[in-house]
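For reference, input35.txt is printed below; it contains compact mmCIF, C-alpha atoms and all ligand atoms.
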```txt
# COMPACT_ATOMS: atom_id res chain seq x y z
CA MET A 1 -17.84 -23.66 65.84
CA PRO A 2 -15.01 -24.36 63.30
CA THR A 3 -13.63 -21.46 61.25
CA GLU A 4 -13.17 -22.22 57.55
CA GLY A 5 -11.00 -20.71 54.84
CA PHE A 6 -10.49 -21.16 51.12
CA ALA A 7 -6.98 -21.32 49.61
CA PRO A 8 -7.49 -20.57 45.90
CA ALA A 9 -5.03 -21.58 43.18
CA LYS A 10 -2.66 -18.75 42.22
CA VAL A 11 -2.00 -18.28 38.50
CA ASN A 12 0.82 -16.17 37.06
CA LEU A 13 -0.73 -14.89 33.80
CA ALA A 14 2.72 -13.46 33.00
CA LEU A 15 6.03 -13.63 34.84
CA HIS A 16 9.06 -11.59 33.78
CA VAL A 17 12.37 -12.17 35.57
CA THR A 18 14.00 -8.74 35.74
CA GLY A 19 17.08 -9.27 37.92
CA GLN A 20 18.72 -11.19 40.72
CA ARG A 21 19.59 -10.09 44.26
CA ALA A 22 22.92 -10.73 45.94
CA ASP A 23 21.31 -13.49 48.05
CA GLY A 24 20.31 -15.37 44.86
CA TYR A 25 16.58 -14.55 44.93
CA HIS A 26 15.22 -13.30 41.61
CA LEU A 27 13.41 -10.04 40.97
CA LEU A 28 10.08 -10.60 39.28
CA ASP A 29 7.37 -8.64 37.56
CA SER A 30 4.25 -10.79 37.43
CA LEU A 31 0.52 -10.47 36.84
CA VAL A 32 -1.12 -12.77 39.37
CA VAL A 33 -4.76 -13.86 39.50
CA PHE A 34 -6.66 -16.49 41.48
CA ALA A 35 -9.04 -19.24 40.39
CA ASP A 36 -12.12 -20.60 42.17
CA VAL A 37 -10.50 -24.01 42.65
CA GLY A 38 -8.39 -24.62 45.73
CA ASP A 39 -7.77 -26.19 49.12
CA ARG A 40 -9.97 -25.76 52.22
CA LEU A 41 -8.70 -25.18 55.72
CA THR A 42 -10.73 -25.68 58.89
CA ALA A 43 -9.61 -24.54 62.34
CA GLU A 44 -11.16 -25.43 65.70
CA ALA A 45 -10.17 -24.17 69.12
CA ALA A 46 -7.79 -26.60 70.88
CA ASP A 47 -4.96 -26.48 73.42
CA ASP A 48 -2.32 -27.99 71.11
CA LEU A 49 -1.53 -27.12 67.50
CA THR A 50 -2.27 -30.15 65.29
CA LEU A 51 -2.75 -30.68 61.53
CA GLN A 52 -4.54 -33.37 59.60
CA VAL A 53 -4.25 -33.42 55.79
CA THR A 54 -7.19 -34.95 53.89
CA GLY A 55 -8.64 -34.82 50.37
CA PRO A 56 -7.80 -36.04 46.86
CA ARG A 57 -4.30 -34.44 46.74
CA ALA A 58 -3.22 -35.22 50.34
CA GLU A 59 -0.64 -37.84 49.35
CA GLY A 60 2.94 -36.63 49.73
CA VAL A 61 2.01 -33.37 51.47
CA PRO A 62 4.08 -33.07 54.67
CA THR A 63 2.08 -33.24 57.91
CA GLY A 64 4.93 -32.20 60.24
CA PRO A 65 6.16 -28.75 61.26
CA GLU A 66 7.48 -28.10 57.72
CA ASN A 67 3.90 -27.87 56.41
CA LEU A 68 3.35 -24.23 55.51
CA VAL A 69 0.05 -24.20 57.42
CA LEU A 70 1.86 -25.01 60.68
CA ARG A 71 4.69 -22.59 59.85
CA ALA A 72 2.08 -19.86 59.26
CA ALA A 73 0.39 -20.65 62.59
CA ARG A 74 3.72 -20.41 64.42
CA LEU A 75 4.50 -17.10 62.70
CA LEU A 76 1.16 -15.66 63.85
CA ASP A 77 1.53 -16.88 67.43
CA PRO A 78 4.20 -19.38 68.50
CA SER A 79 2.30 -20.44 71.64
CA ARG A 80 -1.39 -20.90 70.69
CA GLY A 81 -3.17 -24.15 69.79
CA ALA A 82 -5.76 -25.10 67.16
CA ARG A 83 -7.00 -28.28 65.50
CA LEU A 84 -6.40 -27.72 61.79
CA THR A 85 -7.69 -29.80 58.88
CA LEU A 86 -6.33 -29.11 55.41
CA ASP A 87 -8.48 -30.53 52.61
CA LYS A 88 -6.02 -30.71 49.73
CA HIS A 89 -7.31 -30.33 46.16
CA LEU A 90 -4.37 -28.59 44.46
CA PRO A 91 -1.32 -30.56 43.32
CA ALA A 92 1.84 -29.68 45.31
CA ALA A 93 5.04 -28.25 43.80
CA ALA A 94 2.94 -27.32 40.77
CA GLY A 95 3.44 -23.57 40.24
CA ILE A 96 -0.06 -22.67 41.43
CA GLY A 97 1.00 -21.75 44.94
CA GLY A 98 -0.67 -24.62 46.77
CA GLY A 99 1.49 -24.37 49.88
CA SER A 100 1.65 -20.56 49.78
CA SER A 101 -2.13 -20.21 49.43
CA ASP A 102 -2.60 -22.69 52.31
CA ALA A 103 -0.23 -20.62 54.46
CA ALA A 104 -2.16 -17.44 53.63
CA ALA A 105 -5.49 -19.16 54.42
CA ALA A 106 -4.03 -20.34 57.74
CA LEU A 107 -3.07 -16.77 58.62
CA ARG A 108 -6.58 -15.48 57.76
CA VAL A 109 -8.42 -18.28 59.57
CA LEU A 110 -6.24 -18.28 62.69
CA ALA A 111 -6.25 -14.48 62.95
CA ARG A 112 -10.05 -14.77 63.21
CA LEU A 113 -9.99 -17.74 65.61
CA TRP A 114 -7.36 -16.19 67.87
CA GLU A 115 -8.69 -12.64 67.43
CA LEU A 116 -5.34 -11.28 66.29
CA PRO A 117 -4.57 -8.76 63.54
CA LEU A 118 -3.29 -10.15 60.23
CA PRO A 119 0.45 -9.58 59.78
CA ALA A 120 1.54 -7.08 57.12
CA ALA A 121 1.89 -8.80 53.72
CA GLU A 122 5.68 -8.12 53.52
CA ALA A 123 6.19 -9.86 56.89
CA THR A 124 4.73 -13.10 55.51
CA ALA A 125 7.37 -13.47 52.74
CA VAL A 126 9.51 -15.48 55.22
CA LEU A 127 7.04 -18.33 54.62
CA GLY A 128 7.52 -18.19 50.82
CA ALA A 129 7.73 -15.58 48.06
CA ASP A 130 4.12 -16.25 47.01
CA VAL A 131 2.55 -15.89 50.47
CA PRO A 132 2.18 -12.05 50.43
CA VAL A 133 0.14 -12.10 47.19
CA CYS A 134 -1.98 -15.00 48.47
CA LEU A 135 -2.86 -13.16 51.70
CA ASP A 136 -5.48 -11.03 49.93
CA ALA A 137 -6.38 -13.14 46.92
CA ARG A 138 -7.22 -10.56 44.22
CA PRO A 139 -5.63 -9.74 40.85
CA ARG A 140 -2.29 -8.04 41.51
CA ARG A 141 0.92 -6.99 39.92
CA MET A 142 3.70 -8.60 41.96
CA ALA A 143 7.26 -7.23 41.95
CA GLY A 144 10.43 -7.48 44.03
CA ILE A 145 10.86 -11.11 45.06
CA GLY A 146 7.08 -11.30 45.44
CA ASP A 147 6.76 -8.82 48.29
CA GLN A 148 5.86 -5.63 46.36
CA LEU A 149 2.20 -5.71 45.43
CA SER A 150 0.13 -3.24 43.48
CA ASP A 151 -3.46 -3.20 42.26
CA VAL A 152 -4.32 -3.57 38.58
CA PRO A 153 -7.31 -2.14 36.67
CA PRO A 154 -10.45 -4.32 36.65
CA LEU A 155 -9.93 -7.44 34.54
CA PRO A 156 -12.65 -8.84 32.28
CA PRO A 157 -14.68 -11.93 33.23
CA ALA A 158 -12.68 -14.99 32.13
CA TRP A 159 -12.28 -18.73 32.68
CA LEU A 160 -9.12 -20.75 33.13
CA VAL A 161 -8.42 -24.38 32.37
CA LEU A 162 -5.59 -25.57 34.61
CA VAL A 163 -3.64 -28.66 33.56
CA ASN A 164 -0.88 -30.39 35.49
CA PRO A 165 0.83 -33.40 33.91
CA GLY A 166 1.42 -35.06 37.30
CA VAL A 167 5.13 -34.37 37.55
CA PRO A 168 6.45 -32.08 40.29
CA VAL A 169 8.85 -29.32 39.23
CA SER A 170 11.37 -27.89 41.68
CA THR A 171 11.16 -24.07 41.83
CA PRO A 172 14.88 -23.60 42.69
CA ALA A 173 15.90 -25.94 39.82
CA VAL A 174 13.86 -23.92 37.30
CA PHE A 175 15.34 -20.61 38.51
CA ARG A 176 18.86 -22.15 38.32
CA ALA A 177 18.27 -23.23 34.72
CA LEU A 178 17.35 -19.70 33.57
CA ASP A 179 19.80 -18.32 30.96
CA ARG A 180 18.96 -14.62 31.29
CA LYS A 181 17.88 -12.82 34.40
CA ASP A 182 17.63 -9.28 33.05
CA GLY A 183 14.30 -9.26 31.20
CA ALA A 184 12.30 -6.07 30.64
CA PRO A 185 9.48 -5.42 33.11
CA MET A 186 5.86 -5.81 31.98
CA PRO A 187 4.16 -2.80 30.39
CA GLU A 188 1.32 -1.21 32.34
CA VAL A 189 -1.73 -3.46 32.57
CA PRO A 190 -4.58 -1.81 30.63
CA ALA A 191 -8.22 -1.79 31.68
CA CYS A 192 -9.92 -4.36 29.40
CA THR A 193 -13.60 -5.19 29.34
CA ASP A 194 -13.45 -8.36 27.24
CA ALA A 195 -11.32 -11.49 27.46
CA ALA A 196 -10.15 -11.37 23.81
CA THR A 197 -8.61 -7.88 24.24
CA PHE A 198 -7.06 -8.98 27.53
CA ALA A 199 -5.61 -12.12 25.88
CA ALA A 200 -4.14 -9.97 23.06
CA PHE A 201 -2.35 -7.89 25.71
CA LEU A 202 -1.11 -11.02 27.52
CA LEU A 203 0.22 -12.50 24.26
CA GLY A 204 2.81 -9.70 24.24
CA LEU A 205 4.03 -10.81 27.68
CA ARG A 206 5.72 -14.06 28.71
CA ASN A 207 6.61 -16.43 31.51
CA ASP A 208 10.44 -16.39 31.57
CA LEU A 209 10.40 -19.62 33.61
CA GLU A 210 8.60 -21.51 30.84
CA PRO A 211 11.66 -22.30 28.62
CA PRO A 212 13.78 -23.70 31.51
CA ALA A 213 10.79 -25.66 32.86
CA ARG A 214 10.12 -27.12 29.39
CA ALA A 215 13.77 -28.18 29.16
CA LEU A 216 13.67 -29.83 32.59
CA GLN A 217 10.25 -31.39 32.13
CA PRO A 218 9.23 -31.97 28.49
CA GLN A 219 5.67 -32.81 29.52
CA VAL A 220 5.12 -29.06 29.98
CA SER A 221 5.41 -28.68 26.19
CA GLU A 222 2.85 -31.45 25.65
CA VAL A 223 0.41 -29.76 28.02
CA LEU A 224 0.86 -26.37 26.33
CA ALA A 225 0.30 -27.87 22.88
CA ALA A 226 -2.84 -29.71 24.04
CA LEU A 227 -4.28 -26.62 25.73
CA GLY A 228 -3.49 -24.36 22.77
CA ALA A 229 -5.34 -26.73 20.41
CA GLN A 230 -8.65 -26.44 22.31
CA THR A 231 -11.52 -24.52 20.74
CA GLY A 232 -11.89 -21.13 22.43
CA CYS A 233 -8.43 -21.13 24.05
CA LEU A 234 -7.23 -17.51 23.76
CA LEU A 235 -3.81 -18.11 25.34
CA ALA A 236 -1.89 -21.12 26.71
CA ARG A 237 0.97 -20.48 29.13
CA MET A 238 2.74 -22.01 32.13
CA SER A 239 2.06 -20.66 35.66
CA GLY A 240 4.88 -19.90 38.12
CA SER A 241 7.72 -22.39 37.88
CA GLY A 242 5.38 -25.07 36.48
CA ALA A 243 4.49 -27.68 35.66
CA THR A 244 0.85 -26.47 35.74
CA CYS A 245 -0.22 -24.58 32.60
CA PHE A 246 -3.37 -22.60 32.01
CA GLY A 247 -5.59 -21.86 29.06
CA LEU A 248 -7.53 -18.59 29.09
CA PHE A 249 -11.14 -18.72 27.88
CA ALA A 250 -13.81 -16.05 27.48
CA ALA A 251 -16.65 -18.11 28.93
CA GLU A 252 -17.57 -21.15 31.01
CA ALA A 253 -18.92 -23.42 28.23
CA PRO A 254 -15.75 -23.56 26.06
CA ALA A 255 -13.60 -23.88 29.21
CA ARG A 256 -15.64 -26.83 30.46
CA GLY A 257 -15.61 -28.38 26.98
CA ALA A 258 -11.83 -28.07 26.78
CA ALA A 259 -11.38 -29.50 30.29
CA ALA A 260 -13.55 -32.51 29.44
CA ALA A 261 -11.62 -33.14 26.20
CA LEU A 262 -8.23 -32.83 27.91
CA ALA A 263 -9.22 -35.09 30.82
CA ALA A 264 -10.44 -37.74 28.37
CA ALA A 265 -7.26 -37.53 26.26
CA ALA A 266 -4.68 -37.83 29.06
CA ALA A 267 -5.69 -39.99 32.02
CA GLY A 268 -2.82 -39.00 34.34
CA TRP A 269 -3.31 -35.26 34.01
CA TRP A 270 -4.99 -33.07 36.64
CA VAL A 271 -7.46 -30.90 34.72
CA GLN A 272 -9.75 -28.23 36.19
CA ALA A 273 -11.95 -25.56 34.62
CA ALA A 274 -12.21 -22.60 37.00
CA ARG A 275 -13.49 -19.06 36.99
CA MET A 276 -10.86 -16.33 37.25
CA LEU A 277 -11.71 -14.53 40.51
CA PRO A 278 -12.32 -10.80 40.15
CA ALA A 279 -11.24 -8.23 42.73
CA PRO A 280 -13.72 -8.30 45.65
CA ASP A 281 -14.90 -4.77 44.83
CA GLN A 282 -15.84 -5.98 41.33
CA GLU A 283 -18.05 -8.64 42.87
CA THR A 284 -18.86 -9.60 46.46
CA ARG A 285 -17.18 -12.86 47.39
CA ALA A 286 -15.59 -14.53 50.41
CA THR A 287 -11.89 -15.35 50.36
CA THR A 288 -11.83 -16.59 53.93
C1 LIG B 301 7.88 -18.64 40.86
C2 LIG B 301 6.75 -18.13 41.75
O1 LIG B 301 5.78 -19.13 41.95
C3 LIG B 301 6.05 -16.95 41.07
O2 LIG B 301 4.81 -16.63 41.65
C4 LIG B 301 7.28 -17.71 43.10
O3 LIG B 301 8.24 -16.68 42.95
C5 LIG B 301 7.83 -18.85 43.93
O4 LIG B 301 7.22 -18.71 45.18
P1 LIG B 301 7.43 -19.79 46.36
O5 LIG B 301 7.20 -21.17 45.85
O6 LIG B 301 6.60 -19.29 47.51
O7 LIG B 301 8.96 -19.59 46.59
P2 LIG B 301 9.91 -19.82 47.83
O8 LIG B 301 9.48 -21.03 48.59
O9 LIG B 301 10.06 -18.52 48.56
O10 LIG B 301 11.27 -20.08 47.05
C6 LIG B 301 11.64 -21.30 46.49
C7 LIG B 301 12.95 -21.09 45.76
O11 LIG B 301 12.68 -20.41 44.52
C8 LIG B 301 13.72 -19.50 44.22
N1 LIG B 301 13.13 -18.15 44.12
C9 LIG B 301 11.87 -17.90 44.56
C10 LIG B 301 11.32 -16.64 44.43
C11 LIG B 301 12.09 -15.63 43.84
N2 LIG B 301 11.61 -14.40 43.69
N3 LIG B 301 13.34 -15.89 43.41
C12 LIG B 301 13.87 -17.14 43.53
O12 LIG B 301 15.00 -17.36 43.12
C13 LIG B 301 14.75 -19.63 45.31
O13 LIG B 301 15.70 -20.57 44.86
C14 LIG B 301 13.96 -20.23 46.46
O14 LIG B 301 14.77 -20.98 47.33
N1 LIG B 302 0.38 -27.13 52.70
C1 LIG B 302 1.22 -27.57 51.76
N2 LIG B 302 0.75 -27.96 50.55
C2 LIG B 302 1.61 -28.37 49.59
N3 LIG B 302 2.92 -28.48 49.76
C3 LIG B 302 3.45 -28.09 50.93
C4 LIG B 302 2.62 -27.62 51.97
N4 LIG B 302 3.42 -27.29 52.99
C5 LIG B 302 4.69 -27.54 52.61
N5 LIG B 302 4.73 -28.04 51.38
C6 LIG B 302 5.96 -28.38 50.63
O1 LIG B 302 6.20 -27.29 49.74
C7 LIG B 302 6.66 -27.77 48.46
C8 LIG B 302 6.17 -26.79 47.36
O2 LIG B 302 4.79 -26.92 47.22
P1 LIG B 302 3.80 -25.77 46.71
O3 LIG B 302 2.48 -26.45 46.51
O4 LIG B 302 3.85 -24.60 47.58
O5 LIG B 302 4.35 -25.52 45.29
P2 LIG B 302 5.05 -24.46 44.41
O6 LIG B 302 4.92 -24.95 43.04
O7 LIG B 302 6.43 -24.20 44.93
O8 LIG B 302 4.20 -23.17 44.49
P3 LIG B 302 4.56 -21.82 43.79
O9 LIG B 302 3.54 -21.60 42.75
O10 LIG B 302 4.40 -20.89 44.97
O11 LIG B 302 5.94 -21.90 43.24
C9 LIG B 302 6.10 -29.18 48.34
O12 LIG B 302 7.01 -30.01 47.71
C10 LIG B 302 5.85 -29.63 49.78
O13 LIG B 302 6.84 -30.52 50.24
```

In C-alpha cells, how does this file's structure come out?
Ligand SMILES: C[C@](O)(CO)[C@H](O)COP(=O)(O)OP(=O)(O)OC[C@H]1O[C@@H](n2ccc(N)nc2=O)[C@H](O)[C@@H]1O
Ligand SMILES: Nc1ncnc2c1ncn2[C@@H]1O[C@H](COP(=O)(O)OP(=O)(O)OP(=O)(O)O)[C@@H](O)[C@H]1O
Amino acid sequence: MPTEGFAPAKVNLALHVTGQRADGYHLLDSLVVFADVGDRLTAEAADDLTLQVTGPRAEGVPTGPENLVLRAARLLDPSRGARLTLDKHLPAAAGIGGGSSDAAAALRVLARLWELPLPAAEATAVLGADVPVCLDARPRRMAGIGDQLSDVPPLPPAWLVLVNPGVPVSTPAVFRALDRKDGAPMPEVPACTDAATFAAFLLGLRNDLEPPARALQPQVSEVLAALGAQTGCLLARMSGSGATCFGLFAAEAPARGAAAALAAAAAGWWVQAARMLPAPDQETRATT
C-alpha cells in the first residue's frame, strides 16, 4: 500500500529582512501561509532508495541525490530504502518553496512508512531555510533564518492567485542584491475575520526581497502590475525571493476570474487560483 503526501505551495505574505548573521545568512521576519496547490509524493516499501519525478513541472528538477526529497530521506534514515515518486506541479526556484515543501512531505511520508518519529523542525533547516515551516504546513510567523516558528491568530478565509512568469530567480542572488539588511520586524499579526481587514494590515508590511528581485528580473514588475489590475485583488506582492507573485482575494469567484484573465493574457505564465489553507484546528484537513 503506497503512502501519499501533499507538498503545498508556501507563500510569504510579508517578508522583512531584519539582519544578517556572521555566516552570511539573513535574519527574517515573515508571515507564511500555504495554498491548496502543490506537489504530490508517493512512497512504497522497497530495499533501495529510488526517486522518479513525474508531472507537468518535472522538467529540470534534479533526480539525483541533490533532490531535496532524497536528501530528506537520508536525513531521516541514511540506510533505509523506499520507491519514491514525486509528481511535480509547482515551478522550481520560484519562491514558493517547491523543493522545501517536497522535502517536508518526504519527511512526513517516510516517517509513517518507516515508523519513525518526525525530526524536530529546527533539525530540518540543514535541508533548506524553508523546510522547518513546511514540516507542519499551517499559517506561521517565521523568524531567525527560518528556524524560529510561532503561531499566529486565526486568519480569515481567503484565496490566492499565484503567478510565475516562467523565469527562475536565484535566492542567493536576490539576497546579495539587497541594499539594506536592517529592516524593522513586522508588527504583531492581529486576529482578522475578513479578508479586506487582513489585506489592509498586510499593505503596511512588505517583502524586502521584492525590489532586488524586480531589478534582477523585470518580469516580476509586469506580473505585479497585471495582478494588481484584477477586479477583487486586495493586495499584489512577491513571495519569497520570487519570481512568483500572489494576489490576495476575498473569495473563490473573483480569484478564478482573475486567474482565467491572466492565463489568457500571458501564455507563458504559470497561473493558479488556490485557497489559502487555514490552520488545521480551524478546519479539519490532511497535510500528509
Ligand atoms: C527567501 C525564503 O524563501 C523565505 O521563505 C527562504 O528564506 C529561502 O529558503 P530556501 O530556499 O529553503 O533557502 P536555502 O536553500 O536554505 O538558502 C538558499 C540561499 O539563500 C540565502 N539565504 C537563505 C535564507 C536566509 N534566511 N538567508 C539567506 O541569506 C543564502 O544565500 C542561501 O545560500
Ligand atoms: N524536489 C525539488 N523540487 C524542485 N527543485 C529542487 C528539488 N530538489 C532540489 N531542487 C533544486 O532546488 C533549487 C531551488 O528550488 P525550490 O523549488 O526549492 O525553489 P526556491 O524558490 O528556492 O524556494 P524558496 O521559496 O524556498 O526560496 C532548484 O533550482 C533545484 O535545482

Can I get the residues close to ligand LIG 302 (chain B) as a ChimeraX atom specification, where close means within 8 Å and we count only C-alpha atoms and all ligand atoms?
/A:10-11,60-63,66-69,86,88,90-103,128-131,168-171,239-243

In Å to one decimal, how far is CA of Trp270 in chain A from CA of Leu227 in chain A?
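Separating CA of Leu227 in chain A from CA of Trp270 in chain A is a distance of 12.7 Å.
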
Between A:Arg275, A:His89, A:Arg57, A:Arg140, which is the closest to ligand LIG 301 (chain B) once you count all atoms listed in the file?
A:Arg140

May I have the residues at most 9 Å from (-8.5, -26.5, 37.4) in the file's coordinates, counting only C-alpha atoms, as a PyMOL selection string?
chain A and resi 9+35-38+90+160-164+246+259+270-275

Put those residues in a file: C-alpha atoms, as a PDB file, in the frame of the given file.
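And here is the file that came out, part17.pdb:
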```
ATOM      1  CA  ALA A   9      -5.030 -21.580  43.180  1.00  0.00           C
ATOM      2  CA  ALA A  35      -9.040 -19.240  40.390  1.00  0.00           C
ATOM      3  CA  ASP A  36     -12.120 -20.600  42.170  1.00  0.00           C
ATOM      4  CA  VAL A  37     -10.500 -24.010  42.650  1.00  0.00           C
ATOM      5  CA  GLY A  38      -8.390 -24.620  45.730  1.00  0.00           C
ATOM      6  CA  LEU A  90      -4.370 -28.590  44.460  1.00  0.00           C
ATOM      7  CA  LEU A 160      -9.120 -20.750  33.130  1.00  0.00           C
ATOM      8  CA  VAL A 161      -8.420 -24.380  32.370  1.00  0.00           C
ATOM      9  CA  LEU A 162      -5.590 -25.570  34.610  1.00  0.00           C
ATOM     10  CA  VAL A 163      -3.640 -28.660  33.560  1.00  0.00           C
ATOM     11  CA  ASN A 164      -0.880 -30.390  35.490  1.00  0.00           C
ATOM     12  CA  PHE A 246      -3.370 -22.600  32.010  1.00  0.00           C
ATOM     13  CA  ALA A 259     -11.380 -29.500  30.290  1.00  0.00           C
ATOM     14  CA  TRP A 270      -4.990 -33.070  36.640  1.00  0.00           C
ATOM     15  CA  VAL A 271      -7.460 -30.900  34.720  1.00  0.00           C
ATOM     16  CA  GLN A 272      -9.750 -28.230  36.190  1.00  0.00           C
ATOM     17  CA  ALA A 273     -11.950 -25.560  34.620  1.00  0.00           C
ATOM     18  CA  ALA A 274     -12.210 -22.600  37.000  1.00  0.00           C
ATOM     19  CA  ARG A 275     -13.490 -19.060  36.990  1.00  0.00           C
TER      20      ARG A 275
END
```

List every residue of range 67-178 of chain A that has an atom at most 8 Å from any atom of range 44-49 of chain A, and for each one report the closest atom pair and its distance in Å to one decimal, counting all atoms listed in the file, with rows sorted by chain and then by increasing residue number, as a Markdown table.
```
| residue | atom | partner | partner_atom | distance |
| --- | --- | --- | --- | --- |
| A:Leu70 | CA | A:Leu49 | CA | 7.9 |
| A:Arg80 | CA | A:Leu49 | CA | 7.0 |
| A:Gly81 | CA | A:Leu49 | CA | 4.1 |
| A:Ala82 | CA | A:Ala46 | CA | 4.5 |
| A:Arg83 | CA | A:Glu44 | CA | 5.0 |
| A:Leu84 | CA | A:Glu44 | CA | 6.6 |
| A:Leu113 | CA | A:Ala45 | CA | 7.3 |
```

For ligand LIG 301 (chain B), the nearest of the candidates A:Ala195, A:Ala265, A:Ala22, A:Leu202, counting only C-alpha atoms and all ligand atoms:
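Going through A:Ala195, A:Ala265, A:Ala22, A:Leu202 one by one, the smallest distance to ligand LIG 301 (chain B) is for A:Ala22.
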
With the input short on atoms, add N, CA and C atoms back to range 53-74 of chain A and write it as a compact mmCIF listing (two decimals), in the coordinates of the input.
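Output below, filename selection_1.txt:
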```txt
# COMPACT_ATOMS: atom_id res chain seq x y z
N VAL A 53 -4.11 -33.74 57.22
CA VAL A 53 -4.25 -33.42 55.79
C VAL A 53 -5.14 -34.48 55.15
N THR A 54 -6.23 -34.03 54.51
CA THR A 54 -7.19 -34.95 53.89
C THR A 54 -7.36 -34.55 52.41
N GLY A 55 -8.25 -35.25 51.72
CA GLY A 55 -8.64 -34.82 50.37
C GLY A 55 -7.89 -35.53 49.26
N PRO A 56 -8.32 -35.29 48.01
CA PRO A 56 -7.80 -36.04 46.86
C PRO A 56 -6.32 -35.81 46.56
N ARG A 57 -5.72 -34.70 47.02
CA ARG A 57 -4.30 -34.44 46.74
C ARG A 57 -3.49 -34.44 48.04
N ALA A 58 -3.92 -35.22 49.04
CA ALA A 58 -3.22 -35.22 50.34
C ALA A 58 -1.89 -35.98 50.27
N GLU A 59 -1.82 -36.97 49.37
CA GLU A 59 -0.64 -37.84 49.35
C GLU A 59 0.64 -37.04 49.09
N GLY A 60 1.64 -37.28 49.93
CA GLY A 60 2.94 -36.63 49.73
C GLY A 60 3.05 -35.26 50.37
N VAL A 61 1.94 -34.69 50.82
CA VAL A 61 2.01 -33.37 51.47
C VAL A 61 2.51 -33.58 52.90
N PRO A 62 3.55 -32.84 53.32
CA PRO A 62 4.08 -33.07 54.67
C PRO A 62 3.04 -32.72 55.74
N THR A 63 3.04 -33.50 56.83
CA THR A 63 2.08 -33.24 57.91
C THR A 63 2.80 -32.71 59.15
N GLY A 64 4.12 -32.67 59.09
CA GLY A 64 4.93 -32.20 60.24
C GLY A 64 5.09 -30.69 60.23
N PRO A 65 6.01 -30.20 61.09
CA PRO A 65 6.16 -28.75 61.26
C PRO A 65 6.60 -28.03 59.99
N GLU A 66 7.08 -28.76 58.97
CA GLU A 66 7.48 -28.10 57.72
C GLU A 66 6.27 -27.74 56.86
N ASN A 67 5.08 -28.28 57.19
CA ASN A 67 3.90 -27.87 56.41
C ASN A 67 3.68 -26.38 56.59
N LEU A 68 3.45 -25.70 55.48
CA LEU A 68 3.35 -24.23 55.51
C LEU A 68 2.19 -23.74 56.37
N VAL A 69 1.17 -24.57 56.55
CA VAL A 69 0.05 -24.20 57.42
C VAL A 69 0.54 -24.09 58.87
N LEU A 70 1.33 -25.04 59.30
CA LEU A 70 1.86 -25.01 60.68
C LEU A 70 2.89 -23.90 60.83
N ARG A 71 3.70 -23.69 59.78
CA ARG A 71 4.69 -22.59 59.85
C ARG A 71 3.97 -21.24 59.93
N ALA A 72 2.86 -21.11 59.22
CA ALA A 72 2.08 -19.86 59.26
C ALA A 72 1.49 -19.66 60.66
N ALA A 73 0.98 -20.74 61.24
CA ALA A 73 0.39 -20.65 62.59
C ALA A 73 1.44 -20.19 63.59
N ARG A 74 2.63 -20.76 63.48
CA ARG A 74 3.72 -20.41 64.42
C ARG A 74 4.18 -18.96 64.22
```
